[in-house]
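**Student:** Just passing along the structure, written as structure tokens.
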Amino acid sequence: MPNNPSDLILVDQLSKYYRVANKQPGFKGTLKHFFDRKTFDVPAVTDISFKISPGEIVGFLGANGAGKTTLLKMMCGLIHPSTGLVDVGGFSPQRRQAAFLKEITLVMGQKQQLIWDLPPMDSLYVNAAVYGLSDHEAKVRINELADMLELGEELTRPVRKLSLGQRMKSEILAALLHKPSVLFLDEPTLGLDVNAQARVRSFLSEYNKRTGATILLTSHYMADITALCPRVICIHKGKLFYDGDLDSLANSLSPSREVKVELKNSCSSDQFEKYGEIQDLNDRFVCLLVSRDKLTDVVSNLLTDFDIIDLEISDPPIDQLIGKLFIKGEVN
Amino acid sequence: MKIFGLSFKVIKTLLTTQYAYMLEYRIEIALWALSGVLPFIMFSLWSENDVGNTFGLNDIGLARYFLSAFLVRQFSVVWVVFSFEEDSLSGRLSPYLLQPLHPLLRYVAAHLAEQATRLPFALAIAITFFFLNPSSFWLPSLPQLFLAYLSTHLAFSIAFLLQSLVAALCFWTEKSSALERLIFVPYLFLSGLLVPLSAFPSNVLKIAMLTPFPYLINFPAKILSGMPVDIFNGFLAQVLWILILGPSVNILWKLGVKRYTAMGA
């Protein structure tokens, strides 16, 4: 795969295998495991290729064990690929050169780098020293990020006394102190309540706009992906099977749209069968799944044929679509 | 100014932060200091049985040796393998690997900060020892103190590198603390913690001196207690062991980190 100078990240035919040993249950299995351990390679990521441009926000989607976190760990240099190539800004990540490490950061949900028994501020000043920031630079940067993250006195309280949301925001602050240009975020909103998730999302969006940083994100919360990532890369059983914009993915997954109708009078299902697939029918409310090419005609006919109080057209919820995608393992 | 490639600011920040962290655990550290009383137990055992002469020492010499062994142990004790294993298994090592600072240097800072925290407790125990054994009281000369300080730090460096070598095996075995036992047993017998090495038969002593263990306790303790000791060869052996172990840790680390799977992270 030729590298275009405008590409920040190049991943070419990347694979990672983990060596694992199986153990049969019971005493006999334990003895056999002890004396004659059989190991074999399990593919976590298989032959994945893609490119990412500077400033992009890309979401990695996949079920548990799909390989998205392994992929992220290879891109940030935490683990070595078995085969293939990763290039991030001209660096080979697994070499972990200081110049590369100063350009990136990794945030892992519910994993901490802050010192548990000390206030975040102590860890922040350690990070500032490690990354070579002057005291003045560190102070300005901490204030700027603390403002964006709505952190104040929390920074001077022991980490163990902070709520999960405050801790996560402090972790993000620590991870961004050195102004990295590439952010690897693995489940950054894991375990946070809805409001805290929204704050982290809006911060990341704002950070991307202000600094032009490239953000690579994995999340099980579809709200994170829909709010932040115009582009998604779907991984299933270690293989890439979709790379493109989220809207196209939704269209390809669901060629139909939902039409919700509120009627003036009660109705029966046989009255609606000819308009589309009935998803739900309850007295005066009906929800139909209508193919996109027939949508205009169907809506027009519904308005003519029935006494309608309200009508709403929407896409099926993206998380349901993605869920279906993981089960099927393919895109139409 | 840079020391081992680190700016003074990084060193200062790491040490002060780790010291603040250790102070949070001051009671635990006091208990750790107290738990290092093995040399005193050995002293009372040997002096009760009147075997000091066998070691070439009178009662006062024996008391001074074991107090010195206690103090050297306090400032050369190493636990990096346990912290490293925990960090490796829990995934805490991952962010450290992605920062432009060798993760082992964080553990060095933690050890040095812990030593500073131990200092008042160790001194209090030494004063209590003198109170109970007034005849053993002595004040080492300044050159003696300086050489003992230097050899204790070199002993710490050897112990740290030796344990880091085992810790790096975490990349292969995951539970390398079990392997640490392989070091601990010879350390216990050959370092001079249980008995001064002068008590060993000459053949055993010759073999022991080929290992790094006598330079971890016996050599610095002899300097501090004022016992006759071959200063030049002792320091030479300490430096040689550091020169052997340092690159070995570096090579093993580089090989091991390629196998890191960031489990738990």
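How things are named: the first chain in the structure tokens is A, the next is B, and so on; residues count from 1 in each chain; ligands count from 1 in the order shown.
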Any idea which chain A residues end up within 7 Å of chain B if we count only C-alpha atoms, as a PyMOL selection string please?
**Tutor:** chain A and resi 78-80+98+101+111-113+117-118+122+126+129-131
**Student:** Please return as a PyMOL selection string: the residues of stretch 59-207 of chain B that backbone DSSP assigns to alpha helix (DSSP H).
**Tutor:** chain B and resi 59-74+80-90+93-97+103-132+142-167+170-173+177-190+202-207
**Student:** In Å, with one decimal, what is the gap from atom CA of A:Thr214 to atom CA of A:Ser248?
**Tutor:**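 Between these atoms lies a distance of 21.6 Å.
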**Student:** Just want the 6 Å neighbourhood of stretch 179-195 of chain B, counted on only C-alpha atoms, with same-chain residues fewer than 4 positions away dropped. Output as a ChimeraX atom specification.
**Tutor:** /B:42,213-214,216-218
**Student:** Taking 4 positions as the minimum chain separation for residues in the same chain, which residues sit within 9 Å of B:Ile125 when counting only C-alpha atoms? Answer as a compact mmCIF listing (two decimals) with C-alpha atoms, in the first residue's frame.
**Tutor:**
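Result saved to part.txt:
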```txt
# COMPACT_ATOMS: atom_id res chain seq x y z
CA ALA B 33 11.66 -1.39 58.80
CA LEU B 34 10.81 -3.32 61.97
CA PRO B 120 14.06 7.95 60.73
CA PHE B 121 12.66 4.53 61.65
CA PHE B 129 19.93 -1.05 69.87
CA PHE B 130 22.66 1.15 71.40
```
**Student:** Near B:Val37, counting only C-alpha atoms, which residues have an atom at most 10 Å away, once you skip same-chain residues fewer than 6 positions from it, shown as a list in words?
**Tutor:**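 Neighbouring residues, sequence-local ones excluded: Phe43, Phe66, Leu67, Ala69, Phe70, Leu71, Arg73, Gln74 and Ile125 of chain B.
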**Student:** Considering only C-alpha atoms, state which residue in the set A:Asp7, A:Glu144, A:Glu56, A:Asp41 is at the smallest distance from A:Pro230.
**Tutor:** A:Glu56
